[in-house]
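data14.tsv (TSV, C-alpha atoms)
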chain	number	residue	atom	x	y	z
L	1	MET	CA	-10.73	18.35	10.25
L	2	THR	CA	-8.22	18.19	7.39
L	3	LYS	CA	-7.96	15.66	4.58
L	4	TYR	CA	-5.52	13.30	6.26
L	5	SER	CA	-6.08	14.06	9.94
L	6	GLU	CA	-7.03	10.47	10.73
L	7	GLN	CA	-4.16	8.93	8.79
L	8	VAL	CA	-0.84	7.51	9.90
L	9	ILE	CA	1.26	7.14	6.77
L	10	LEU	CA	4.64	5.47	6.45
L	11	VAL	CA	6.76	6.87	3.64
L	12	THR	CA	9.98	5.11	2.68
L	13	GLY	CA	12.67	7.38	1.31
L	14	SER	CA	11.05	10.32	3.08
L	15	SER	CA	14.09	12.56	3.27
L	16	ALA	CA	14.45	13.44	-0.43
L	17	GLY	CA	12.77	13.64	-3.80
L	18	ILE	CA	9.20	12.46	-4.23
L	19	GLY	CA	9.23	10.89	-0.76
L	20	ARG	CA	9.90	14.25	0.84
L	21	ILE	CA	7.34	16.00	-1.35
L	22	LEU	CA	4.68	13.47	-0.35
L	23	THR	CA	5.72	13.60	3.30
L	24	GLU	CA	5.25	17.38	3.40
L	25	TYR	CA	1.98	17.05	1.49
L	26	PHE	CA	0.60	14.55	4.00
L	27	LEU	CA	1.74	16.68	6.95
L	28	GLU	CA	-0.04	19.70	5.46
L	29	GLY	CA	-3.11	17.50	5.19
L	30	GLY	CA	-2.98	16.75	8.90
L	31	ALA	CA	-1.55	13.22	8.77
L	32	LYS	CA	0.94	11.73	11.14
L	33	VAL	CA	3.86	10.66	8.97
L	34	LEU	CA	6.46	8.05	9.82
L	35	GLY	CA	9.49	8.43	7.59
L	36	PHE	CA	12.16	5.88	6.73
L	37	SER	CA	15.55	6.73	5.32
L	38	ARG	CA	19.10	5.59	5.81
L	39	ASN	CA	20.18	8.91	7.26
L	40	SER	CA	18.94	11.06	10.10
L	41	PHE	CA	16.40	13.62	8.97
L	42	SER	CA	13.88	15.90	10.55
L	43	LEU	CA	11.08	18.23	9.62
L	44	PRO	CA	9.65	21.05	11.73
L	45	SER	CA	6.44	19.19	12.55
L	46	GLU	CA	5.46	17.29	15.66
L	47	ASN	CA	3.51	14.97	13.38
L	48	TYR	CA	6.68	13.79	11.64
L	49	HIS	CA	8.51	10.84	13.18
L	50	HIS	CA	11.72	9.75	11.54
L	51	TYR	CA	13.23	6.28	11.71
L	52	ILE	CA	16.71	5.54	10.42
L	53	CYS	CA	16.09	2.37	8.46
L	54	ASP	CA	17.92	0.53	5.73
L	55	ILE	CA	14.97	-1.13	4.03
L	56	THR	CA	17.28	-3.63	2.32
L	57	ASP	CA	18.36	-5.00	5.70
L	58	LEU	CA	15.89	-7.37	7.40
L	59	ALA	CA	17.25	-6.69	10.89
L	60	SER	CA	16.97	-2.93	10.40
L	61	VAL	CA	13.38	-3.23	9.13
L	62	GLN	CA	12.33	-5.53	11.98
L	63	GLU	CA	13.99	-3.36	14.60
L	64	ASN	CA	12.29	-0.22	13.30
L	65	PHE	CA	8.88	-1.87	13.20
L	66	LYS	CA	9.39	-3.05	16.75
L	67	GLN	CA	10.02	0.59	17.66
L	68	ILE	CA	6.97	1.75	15.70
L	69	ARG	CA	4.80	-0.70	17.62
L	70	ALA	CA	6.43	0.35	20.89
L	71	ASP	CA	5.65	3.97	20.00
L	72	ALA	CA	2.03	2.82	19.68
L	73	HIS	CA	1.65	3.99	16.12
L	74	HIS	CA	-0.90	2.20	14.01
L	75	LEU	CA	-0.56	2.46	10.27
L	76	THR	CA	-3.27	3.35	7.79
L	77	ALA	CA	-1.08	3.68	4.69
L	78	LEU	CA	2.30	2.81	3.27
L	79	ILE	CA	4.00	4.60	0.41
L	80	ASN	CA	6.71	2.33	-1.01
L	81	ASN	CA	8.74	5.13	-2.47
L	82	ALA	CA	12.41	4.52	-1.66
L	83	GLY	CA	14.32	3.83	-4.82
L	84	ALA	CA	17.80	3.44	-6.24
L	85	LEU	CA	18.82	4.26	-9.80
L	86	SER	CA	22.04	3.66	-11.71
L	87	VAL	CA	22.03	4.28	-15.45
L	88	PHE	CA	24.47	2.10	-17.36
L	89	SER	CA	24.48	-0.04	-20.44
L	90	SER	CA	23.64	-3.55	-19.27
L	91	LEU	CA	27.01	-4.79	-20.45
L	92	LEU	CA	28.78	-2.25	-18.31
L	93	MET	CA	26.49	-2.24	-15.27
L	94	PRO	CA	28.51	-2.95	-12.12
L	95	PRO	CA	26.89	-5.98	-10.44
L	96	LYS	CA	26.94	-4.12	-7.13
L	97	ALA	CA	24.84	-1.31	-8.63
L	98	ALA	CA	22.40	-3.85	-10.07
L	99	GLN	CA	22.14	-5.56	-6.69
L	100	GLU	CA	21.53	-2.22	-4.98
L	101	MET	CA	18.63	-1.42	-7.32
L	102	ILE	CA	17.02	-4.82	-6.90
L	103	ASN	CA	17.48	-4.71	-3.13
L	104	THR	CA	16.06	-1.22	-2.72
L	105	ASN	CA	13.37	-1.13	-5.40
L	106	PHE	CA	12.02	-4.61	-4.90
L	107	LEU	CA	13.32	-6.50	-1.86
L	108	GLY	CA	13.13	-3.43	0.38
L	109	SER	CA	9.52	-2.84	-0.59
L	110	PHE	CA	8.78	-6.47	0.17
L	111	LEU	CA	10.36	-6.37	3.63
L	112	VAL	CA	8.61	-3.14	4.64
L	113	THR	CA	5.28	-4.23	3.19
L	114	GLN	CA	5.40	-7.52	5.05
L	115	GLU	CA	5.70	-5.78	8.41
L	116	CYS	CA	3.17	-3.07	7.50
L	117	ALA	CA	0.58	-5.52	6.29
L	118	LYS	CA	0.84	-7.47	9.56
L	119	MET	CA	-0.02	-4.30	11.48
L	120	MET	CA	-2.76	-3.27	9.05
L	121	SER	CA	-4.38	-6.70	9.03
L	122	ARG	CA	-5.11	-6.41	12.75
L	123	LYS	CA	-7.19	-3.28	12.05
L	124	LYS	CA	-8.60	-4.75	8.84
L	125	PHE	CA	-7.71	-1.58	6.99
L	126	GLY	CA	-4.79	-0.34	4.98
L	127	ARG	CA	-3.67	1.36	1.81
L	128	ILE	CA	-0.39	0.32	0.18
L	129	ILE	CA	0.90	2.35	-2.74
L	130	GLY	CA	3.97	1.51	-4.79
L	131	ILE	CA	5.72	4.38	-6.54
L	132	SER	CA	6.96	3.22	-9.90
L	133	SER	CA	8.41	4.91	-12.93
L	134	MET	CA	7.75	5.38	-16.61
L	135	ALA	CA	10.90	3.32	-17.09
L	136	GLU	CA	8.86	0.25	-16.16
L	137	ILE	CA	6.73	0.81	-19.27
L	138	LEU	CA	9.24	2.38	-21.68
L	139	GLU	CA	12.13	0.05	-20.80
L	140	PRO	CA	14.70	2.55	-22.10
L	141	ILE	CA	18.31	1.76	-22.94
L	142	GLY	CA	20.46	2.11	-19.84
L	143	ASP	CA	17.60	1.31	-17.50
L	144	ALA	CA	17.35	-2.45	-17.97
L	145	VAL	CA	17.90	-3.40	-14.34
L	146	TYR	CA	16.03	-0.38	-13.00
L	147	SER	CA	13.02	-1.14	-15.23
L	148	ALA	CA	13.10	-4.79	-14.22
L	149	SER	CA	13.29	-3.97	-10.52
L	150	LYS	CA	10.32	-1.62	-10.78
L	151	ALA	CA	8.34	-4.17	-12.80
L	152	ALA	CA	9.08	-6.76	-10.13
L	153	ALA	CA	7.77	-4.41	-7.45
L	154	THR	CA	4.58	-3.78	-9.44
L	155	SER	CA	4.01	-7.48	-10.00
L	156	PHE	CA	4.52	-8.05	-6.28
L	157	THR	CA	2.00	-5.29	-5.48
L	158	ASN	CA	-0.58	-6.73	-7.87
L	159	SER	CA	-0.29	-10.22	-6.42
L	160	LEU	CA	-0.37	-8.81	-2.91
L	161	ALA	CA	-3.61	-7.01	-3.75
L	162	LYS	CA	-5.31	-10.39	-4.09
L	163	GLU	CA	-3.75	-11.78	-0.93
L	164	LEU	CA	-4.57	-8.77	1.23
L	165	ALA	CA	-8.06	-8.01	-0.08
L	166	PRO	CA	-9.72	-10.15	2.63
L	167	HIS	CA	-7.79	-8.12	5.22
L	168	GLY	CA	-9.32	-4.83	4.00
L	169	ILE	CA	-5.99	-3.69	2.55
L	170	THR	CA	-5.72	-2.26	-0.96
L	171	CYS	CA	-2.49	-2.34	-2.98
L	172	ASN	CA	-1.94	-0.10	-6.01
L	173	THR	CA	0.84	1.43	-8.07
L	174	LEU	CA	1.49	4.90	-9.44
L	175	ALA	CA	4.05	5.18	-12.24
L	176	ILE	CA	5.50	8.65	-12.42
L	177	THR	CA	7.04	10.29	-15.46
L	178	HIS	CA	9.76	12.87	-15.02
L	179	LEU	CA	9.81	15.10	-11.96
L	180	ALA	CA	12.97	17.06	-11.22
L	181	THR	CA	14.57	15.27	-8.25
L	182	SER	CA	18.08	14.28	-7.22
L	183	MET	CA	17.40	10.87	-8.76
L	184	SER	CA	16.37	12.20	-12.18
L	185	GLU	CA	19.58	14.26	-12.31
L	186	LYS	CA	21.39	10.98	-12.93
L	187	ILE	CA	19.76	10.69	-16.35
L	188	ASN	CA	21.35	12.37	-19.36
L	189	ALA	CA	19.39	15.60	-19.96
L	190	ASP	CA	19.17	15.18	-23.74
L	191	VAL	CA	17.98	11.58	-23.43
L	192	LEU	CA	15.42	12.61	-20.84
L	193	GLN	CA	14.16	15.46	-23.01
L	194	LYS	CA	13.64	13.07	-25.91
L	195	VAL	CA	11.76	10.62	-23.67
L	196	ILE	CA	9.47	13.39	-22.45
L	197	GLU	CA	8.83	14.63	-26.02
L	198	ASP	CA	7.80	11.12	-27.04
L	199	LEU	CA	5.25	10.74	-24.25
L	200	PRO	CA	1.58	10.85	-25.28
L	201	LEU	CA	1.35	13.80	-22.90
L	202	PRO	CA	4.72	15.41	-23.65
L	203	ARG	CA	5.52	17.22	-20.44
L	204	SER	CA	7.08	16.55	-17.07
L	205	ALA	CA	4.86	15.50	-14.19
L	206	THR	CA	3.72	18.06	-11.68
L	207	ILE	CA	3.38	17.54	-7.97
L	208	GLU	CA	-0.38	17.93	-8.41
L	209	ASP	CA	-0.40	15.10	-10.98
L	210	ILE	CA	1.15	12.86	-8.37
L	211	THR	CA	-0.88	13.91	-5.34
L	212	ASN	CA	-4.09	13.65	-7.36
L	213	VAL	CA	-3.55	9.92	-7.88
L	214	ILE	CA	-2.29	9.43	-4.33
L	215	ASP	CA	-5.44	11.13	-2.99
L	216	PHE	CA	-7.54	8.80	-5.11
L	217	TYR	CA	-5.79	5.65	-3.90
L	218	LEU	CA	-5.90	6.77	-0.24
L	219	SER	CA	-9.51	7.90	-0.30
L	220	SER	CA	-11.90	6.10	2.01
L	221	GLN	CA	-14.11	5.75	-1.06
L	222	SER	CA	-11.40	3.71	-2.83
L	223	SER	CA	-11.92	0.51	-0.86
L	224	GLY	CA	-12.84	-1.21	-4.13
L	225	ILE	CA	-9.74	0.00	-5.97
L	226	THR	CA	-6.94	-2.54	-5.68
L	227	GLY	CA	-4.36	-4.15	-7.94
L	228	GLN	CA	-4.48	-1.06	-10.16
L	229	PHE	CA	-1.66	0.59	-12.06
L	230	ILE	CA	-1.98	4.24	-13.02
L	231	ALA	CA	0.74	5.84	-15.11
L	232	LEU	CA	1.13	9.55	-15.70
L	233	GLY	CA	1.96	11.04	-19.08
L	234	GLY	CA	-0.66	9.07	-20.99
L	235	LEU	CA	1.32	5.86	-20.67
L	236	HIS	CA	-0.25	2.48	-20.06
L	237	LYS	CA	0.91	-1.11	-19.76
C	1	MET	CA	4.36	-16.05	33.13
C	2	SER	CA	2.40	-17.18	30.08
C	3	SER	CA	3.47	-20.33	28.31
C	4	ALA	CA	3.64	-20.96	24.58
C	5	GLN	CA	0.32	-22.75	24.84
C	6	ASP	CA	-1.28	-19.73	26.55
C	7	PHE	CA	-0.14	-17.44	23.73
C	8	VAL	CA	-1.34	-19.81	21.02
C	9	TYR	CA	-4.71	-20.42	22.67
C	10	GLU	CA	-5.27	-16.70	23.35
C	11	ALA	CA	-4.46	-15.91	19.70
C	12	ILE	CA	-6.91	-18.64	18.65
C	13	ASP	CA	-9.62	-16.92	20.72
C	14	VAL	CA	-8.91	-13.60	18.99
C	15	VAL	CA	-8.99	-15.18	15.52
C	16	ASN	CA	-12.17	-17.14	16.27
C	17	ASP	CA	-13.88	-13.97	17.51
C	18	ASP	CA	-13.68	-12.56	13.98
C	19	PRO	CA	-17.13	-13.14	12.46
C	20	SER	CA	-15.65	-13.25	8.95
C	21	ILE	CA	-13.73	-16.43	9.82
C	22	GLU	CA	-16.00	-19.28	8.74
C	23	ILE	CA	-14.12	-22.28	10.13
C	24	LYS	CA	-12.91	-21.84	13.69
C	25	ILE	CA	-9.58	-23.15	14.96
C	26	GLU	CA	-9.87	-25.78	17.66
C	27	LYS	CA	-7.70	-25.69	20.80
C	28	ASN	CA	-6.65	-29.22	20.10
C	29	PRO	CA	-3.00	-30.30	19.59
C	30	ASN	CA	-4.07	-32.49	16.67
C	31	PHE	CA	-5.99	-29.76	14.85
C	32	LEU	CA	-4.36	-29.41	11.42
C	33	LEU	CA	-2.97	-26.06	10.28
C	34	LEU	CA	-0.74	-26.27	7.21
C	35	ASP	CA	-1.48	-29.71	5.92
C	36	GLN	CA	-3.20	-31.13	2.87
C	37	ALA	CA	-6.11	-32.23	5.04
C	38	SER	CA	-6.39	-28.89	6.84
C	39	ILE	CA	-9.82	-27.26	6.76
C	40	ILE	CA	-8.78	-23.67	7.57
C	41	ASP	CA	-7.86	-21.12	4.93
C	42	SER	CA	-4.62	-19.17	4.57
C	43	LEU	CA	-6.19	-15.96	5.88
C	44	THR	CA	-7.04	-17.65	9.17
C	45	LEU	CA	-3.54	-19.06	9.44
C	46	VAL	CA	-1.93	-15.67	8.76
C	47	ASN	CA	-4.16	-14.04	11.37
C	48	LEU	CA	-3.18	-16.71	13.90
C	49	PHE	CA	0.56	-16.24	13.33
C	50	VAL	CA	0.32	-12.44	13.41
C	51	GLY	CA	-1.77	-12.67	16.57
C	52	ILE	CA	0.77	-14.91	18.34
C	53	GLU	CA	3.69	-12.65	17.35
C	54	SER	CA	1.81	-9.58	18.59
C	55	LEU	CA	0.84	-11.14	21.93
C	56	ILE	CA	4.41	-12.24	22.64
C	57	GLU	CA	5.78	-8.81	21.80
C	58	GLU	CA	3.12	-7.08	23.92
C	59	ARG	CA	3.54	-9.32	26.98
C	60	LEU	CA	7.24	-10.22	26.88
C	61	GLY	CA	8.76	-7.43	24.76
C	62	LYS	CA	10.26	-10.18	22.65
C	63	THR	CA	10.00	-10.05	18.87
C	64	ILE	CA	9.74	-13.38	17.12
C	65	SER	CA	9.20	-14.29	13.49
C	66	ILE	CA	7.19	-17.48	13.35
C	67	VAL	CA	7.92	-18.08	9.70
C	68	ASN	CA	11.67	-17.99	9.14
C	69	GLU	CA	14.40	-20.07	7.55
C	70	GLU	CA	14.67	-22.25	10.63
C	71	SER	CA	11.00	-23.17	10.61
C	72	PHE	CA	11.38	-24.97	7.30
C	73	GLU	CA	14.49	-26.84	8.39
C	74	SER	CA	12.97	-28.25	11.54
C	75	ASP	CA	12.61	-32.06	11.77
C	76	GLN	CA	9.15	-31.72	13.20
C	77	TYR	CA	7.23	-29.51	10.77
C	78	PRO	CA	6.08	-26.71	13.11
C	79	PHE	CA	3.01	-25.67	11.15
C	80	LYS	CA	1.44	-29.10	10.71
C	81	ASN	CA	-0.88	-28.82	13.71
C	82	ILE	CA	-1.51	-26.88	16.90
C	83	GLY	CA	0.65	-29.22	18.99
C	84	ASN	CA	3.68	-28.77	16.76
C	85	LEU	CA	3.12	-25.02	16.67
C	86	ILE	CA	3.09	-24.80	20.47
C	87	SER	CA	6.35	-26.79	20.69
C	88	TYR	CA	7.93	-24.54	18.08
C	89	ILE	CA	6.81	-21.33	19.83
C	90	GLN	CA	8.23	-22.75	23.05
C	91	LYS	CA	11.56	-23.21	21.28
C	92	LEU	CA	11.47	-19.65	19.89
C	93	LEU	CA	10.74	-18.25	23.35
C	94	LYS	CA	13.82	-19.96	24.76
C	95	GLN	CA	16.14	-18.45	22.13

Using structure tokens, write down the structure from this file.
Amino acid sequence: MTKYSEQVILVTGSSAGIGRILTEYFLEGGAKVLGFSRNSFSLPSENYHHYICDITDLASVQENFKQIRADAHHLTALINNAGALSVFSSLLMPPKAAQEMINTNFLGSFLVTQECAKMMSRKKFGRIIGISSMAEILEPIGDAVYSASKAAATSFTNSLAKELAPHGITCNTLAITHLATSMSEKINADVLQKVIEDLPLPRSATIEDITNVIDFYLSSQSSGITGQFIALGGLHK
Amino acid sequence: MSSAQDFVYEAIDVVNDDPSIEIKIEKNPNFLLLDQASIIDSLTLVNLFVGIESLIEERLGKTISIVNEESFESDQYPFKNIGNLISYIQKLLKQ
């Protein structure tokens, strides 16, 4: 029996970046993984099931959850990972880009979590993890809307932790520092380097840093851990 | 074919079977749900709604969302009591 052999984990944004890293990590651990992304995607594993879902679109989310239930999947965990990032001065930020970030980083998490929590509540068990960013804490120039959208998602997760505790569902957040992904390539390299140098722990995150916290949150022994926010890099709120 | 009342009453049985639910829901059209004088808690109410949605999807293959924009615009507040809820579910099933 492997670490995650009893788990069915939904990962949003599973086709790229941290979502893909976590998806492959869970599959290696023996989990069944349900992946959401806007595009078709596959992995060479019979335990990976992909759903083309625009998490910002209520109809798309509801339709995909209907399919998940029809496929007789139950869910033990949700990783709210899908994210959108546009780096602009606030005065120059195109409203459409701002809307996209808020819709993906906050509203999308809300829509997916709502459906997940309904399924989890029937089993009286669930683990919901929000993937946030150091931007939520550092609030850097150029990231005003991104930081705000991530902070909104964290606040939502914290409040949800109270609401879902009686259902046996825990809700926690992991704020990641820099990890080289397609999303982080959008940030100016010099600016990013300076941010990393100023961290209490001045280095980029490793995959092990991330999976270590994820393992902790998902552990069966973590039933008393909810409404928590762990940040990498020595940061705290 | 099950009626709206059948779905609601079956979901009530499932919710009431949960030993952690302290105050049981009565199969009585006048039993208050979302009302100032209601005696049940929000967890019980959520479990009831989720249970009804699940039963309808399982039996009829129809997906409904009990709480939606329409539910707050209705003249007869659908969540006031069991009777109103049954009428509202009936309406959703016809859509």

Would you give me, as JSON lines, each residue of chain C having an atom within 8 Å of an atom of chain L, along with its shortest atom pair and that distance in Å to one decimal, using only C-alpha atoms and sorting by chain and residue number?
{"residue": "C:Leu43", "atom": "CA", "partner": "L:Pro166", "partner_atom": "CA", "distance": 7.5}
{"residue": "C:Asn47", "atom": "CA", "partner": "L:Ser121", "partner_atom": "CA", "distance": 7.7}
{"residue": "C:Val50", "atom": "CA", "partner": "L:Lys118", "partner_atom": "CA", "distance": 6.3}
{"residue": "C:Thr63", "atom": "CA", "partner": "L:Lys66", "partner_atom": "CA", "distance": 7.3}

> Counting only C-alpha atoms, what is within 10 Å of Gly142 of chain L, bar same-chain residues fewer than 6 positions away, as a PyMOL selection string?
Replying inline: chain L and resi 86-93+187

With C-alpha atoms retained, could you export that selection as a PDB file, in the frame of the given file?
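New file again_12.pdb:
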ATOM      1  CA  SER L  86      22.040   3.660 -11.710  1.00  0.00           C
ATOM      2  CA  VAL L  87      22.030   4.280 -15.450  1.00  0.00           C
ATOM      3  CA  PHE L  88      24.470   2.100 -17.360  1.00  0.00           C
ATOM      4  CA  SER L  89      24.480  -0.040 -20.440  1.00  0.00           C
ATOM      5  CA  SER L  90      23.640  -3.550 -19.270  1.00  0.00           C
ATOM      6  CA  LEU L  91      27.010  -4.790 -20.450  1.00  0.00           C
ATOM      7  CA  LEU L  92      28.780  -2.250 -18.310  1.00  0.00           C
ATOM      8  CA  MET L  93      26.490  -2.240 -15.270  1.00  0.00           C
ATOM      9  CA  ILE L 187      19.760  10.690 -16.350  1.00  0.00           C
TER      10      ILE L 187
END

>> Rounded to one decimal, what separation in Å do you get between atom CA of Phe125 of chain L and atom CA of Gly168 of chain L?
In response: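 Those two atoms sit 4.7 Å apart.
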
> Leaving out Gly30 of chain L and any residue of its chain fewer than 2 positions from it, which residues lie within 12 Å of it when counting only C-alpha atoms, given as a PyMOL selection string?
Replying inline: chain L and resi 1-9+23-28+32-33+45-48

>> If we count only C-alpha atoms and set the cut-off at 9 Å, which residues sit around segment 75-89 of chain C, ignoring sequence neighbours fewer than 2 positions away in its own chain? Please answer as a PyMOL selection string.
In response: chain C and resi 4-5+7-8+26-35+38+52+64+66+71-73+91-94

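The space separating atom CA of Gly13 of chain L from atom CA of Thr157 of chain L comes to 17.9 Å.
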
> What would the list of residues within 12 Å of (-12.8, -17.2, 11.2) (file frame) look like as an MDAnalysis selection string, if only C-alpha atoms are what count?
Replying inline: (chainID L and resid 166:167) or (chainID C and resid 11:26 39:48)

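Picture a line from atom CA of Gly83 of chain L to atom CA of Pro44 of chain L; it runs 24.3 Å.
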
How would segment 33-61 of chain L read, as a PDB file, keeping the file's coordinate frame, once N, CA and C atoms are built in?
ATOM      1  N   VAL L  33       3.032  11.342   9.957  1.00  0.00           N
ATOM      2  CA  VAL L  33       3.860  10.660   8.970  1.00  0.00           C
ATOM      3  C   VAL L  33       5.064  10.020   9.660  1.00  0.00           C
ATOM      4  N   LEU L  34       5.271   8.754   9.369  1.00  0.00           N
ATOM      5  CA  LEU L  34       6.460   8.050   9.820  1.00  0.00           C
ATOM      6  C   LEU L  34       7.377   7.930   8.611  1.00  0.00           C
ATOM      7  N   GLY L  35       8.581   8.432   8.740  1.00  0.00           N
ATOM      8  CA  GLY L  35       9.490   8.430   7.590  1.00  0.00           C
ATOM      9  C   GLY L  35      10.644   7.479   7.787  1.00  0.00           C
ATOM     10  N   PHE L  36      10.982   6.762   6.727  1.00  0.00           N
ATOM     11  CA  PHE L  36      12.160   5.880   6.730  1.00  0.00           C
ATOM     12  C   PHE L  36      13.201   6.443   5.774  1.00  0.00           C
ATOM     13  N   SER L  37      14.429   6.523   6.244  1.00  0.00           N
ATOM     14  CA  SER L  37      15.550   6.730   5.320  1.00  0.00           C
ATOM     15  C   SER L  37      16.809   6.244   6.009  1.00  0.00           C
ATOM     16  N   ARG L  38      17.875   6.133   5.239  1.00  0.00           N
ATOM     17  CA  ARG L  38      19.100   5.590   5.810  1.00  0.00           C
ATOM     18  C   ARG L  38      19.810   6.592   6.718  1.00  0.00           C
ATOM     19  N   ASN L  39      19.498   7.869   6.504  1.00  0.00           N
ATOM     20  CA  ASN L  39      20.180   8.910   7.260  1.00  0.00           C
ATOM     21  C   ASN L  39      19.218   9.593   8.228  1.00  0.00           C
ATOM     22  N   SER L  40      19.800  10.303   9.197  1.00  0.00           N
ATOM     23  CA  SER L  40      18.940  11.060  10.100  1.00  0.00           C
ATOM     24  C   SER L  40      18.337  12.232   9.324  1.00  0.00           C
ATOM     25  N   PHE L  41      17.139  12.582   9.697  1.00  0.00           N
ATOM     26  CA  PHE L  41      16.400  13.620   8.970  1.00  0.00           C
ATOM     27  C   PHE L  41      15.304  14.116   9.883  1.00  0.00           C
ATOM     28  N   SER L  42      14.992  15.388   9.750  1.00  0.00           N
ATOM     29  CA  SER L  42      13.880  15.900  10.550  1.00  0.00           C
ATOM     30  C   SER L  42      13.112  16.947   9.776  1.00  0.00           C
ATOM     31  N   LEU L  43      11.910  17.175  10.184  1.00  0.00           N
ATOM     32  CA  LEU L  43      11.080  18.230   9.620  1.00  0.00           C
ATOM     33  C   LEU L  43      10.458  18.979  10.790  1.00  0.00           C
ATOM     34  N   PRO L  44      10.187  20.264  10.606  1.00  0.00           N
ATOM     35  CA  PRO L  44       9.650  21.050  11.730  1.00  0.00           C
ATOM     36  C   PRO L  44       8.155  20.772  11.946  1.00  0.00           C
ATOM     37  N   SER L  45       7.825  19.552  12.284  1.00  0.00           N
ATOM     38  CA  SER L  45       6.440  19.190  12.550  1.00  0.00           C
ATOM     39  C   SER L  45       6.402  18.115  13.620  1.00  0.00           C
ATOM     40  N   GLU L  46       5.564  18.318  14.613  1.00  0.00           N
ATOM     41  CA  GLU L  46       5.460  17.290  15.660  1.00  0.00           C
ATOM     42  C   GLU L  46       4.768  16.038  15.139  1.00  0.00           C
ATOM     43  N   ASN L  47       4.172  16.135  13.973  1.00  0.00           N
ATOM     44  CA  ASN L  47       3.510  14.970  13.380  1.00  0.00           C
ATOM     45  C   ASN L  47       4.457  14.136  12.513  1.00  0.00           C
ATOM     46  N   TYR L  48       5.719  14.575  12.419  1.00  0.00           N
ATOM     47  CA  TYR L  48       6.680  13.790  11.640  1.00  0.00           C
ATOM     48  C   TYR L  48       7.596  13.005  12.588  1.00  0.00           C
ATOM     49  N   HIS L  49       7.672  11.714  12.355  1.00  0.00           N
ATOM     50  CA  HIS L  49       8.510  10.840  13.180  1.00  0.00           C
ATOM     51  C   HIS L  49       9.470  10.113  12.262  1.00  0.00           C
ATOM     52  N   HIS L  50      10.745  10.346  12.456  1.00  0.00           N
ATOM     53  CA  HIS L  50      11.720   9.750  11.540  1.00  0.00           C
ATOM     54  C   HIS L  50      12.373   8.512  12.152  1.00  0.00           C
ATOM     55  N   TYR L  51      12.561   7.522  11.311  1.00  0.00           N
ATOM     56  CA  TYR L  51      13.230   6.280  11.710  1.00  0.00           C
ATOM     57  C   TYR L  51      14.385   6.040  10.747  1.00  0.00           C
ATOM     58  N   ILE L  52      15.564   5.852  11.289  1.00  0.00           N
ATOM     59  CA  ILE L  52      16.710   5.540  10.420  1.00  0.00           C
ATOM     60  C   ILE L  52      16.632   4.063  10.089  1.00  0.00           C
ATOM     61  N   CYS L  53      16.332   3.767   8.841  1.00  0.00           N
ATOM     62  CA  CYS L  53      16.090   2.370   8.460  1.00  0.00           C
ATOM     63  C   CYS L  53      16.677   2.097   7.083  1.00  0.00           C
ATOM     64  N   ASP L  54      17.449   1.037   7.016  1.00  0.00           N
ATOM     65  CA  ASP L  54      17.920   0.530   5.730  1.00  0.00           C
ATOM     66  C   ASP L  54      16.924  -0.543   5.309  1.00  0.00           C
ATOM     67  N   ILE L  55      16.062  -0.203   4.368  1.00  0.00           N
ATOM     68  CA  ILE L  55      14.970  -1.130   4.030  1.00  0.00           C
ATOM     69  C   ILE L  55      15.474  -2.411   3.354  1.00  0.00           C
ATOM     70  N   THR L  56      16.740  -2.420   2.948  1.00  0.00           N
ATOM     71  CA  THR L  56      17.280  -3.630   2.320  1.00  0.00           C
ATOM     72  C   THR L  56      17.815  -4.616   3.368  1.00  0.00           C
ATOM     73  N   ASP L  57      17.786  -4.191   4.620  1.00  0.00           N
ATOM     74  CA  ASP L  57      18.360  -5.000   5.700  1.00  0.00           C
ATOM     75  C   ASP L  57      17.228  -5.482   6.619  1.00  0.00           C
ATOM     76  N   LEU L  58      17.007  -6.792   6.631  1.00  0.00           N
ATOM     77  CA  LEU L  58      15.890  -7.370   7.400  1.00  0.00           C
ATOM     78  C   LEU L  58      15.945  -6.956   8.865  1.00  0.00           C
ATOM     79  N   ALA L  59      17.130  -7.018   9.460  1.00  0.00           N
ATOM     80  CA  ALA L  59      17.250  -6.690  10.890  1.00  0.00           C
ATOM     81  C   ALA L  59      16.871  -5.238  11.142  1.00  0.00           C
ATOM     82  N   SER L  60      17.297  -4.353  10.252  1.00  0.00           N
ATOM     83  CA  SER L  60      16.970  -2.930  10.400  1.00  0.00           C
ATOM     84  C   SER L  60      15.465  -2.707  10.281  1.00  0.00           C
ATOM     85  N   VAL L  61      14.837  -3.363   9.321  1.00  0.00           N
ATOM     86  CA  VAL L  61      13.380  -3.230   9.130  1.00  0.00           C
ATOM     87  C   VAL L  61      12.648  -3.755  10.364  1.00  0.00           C
TER      88      VAL L  61
END
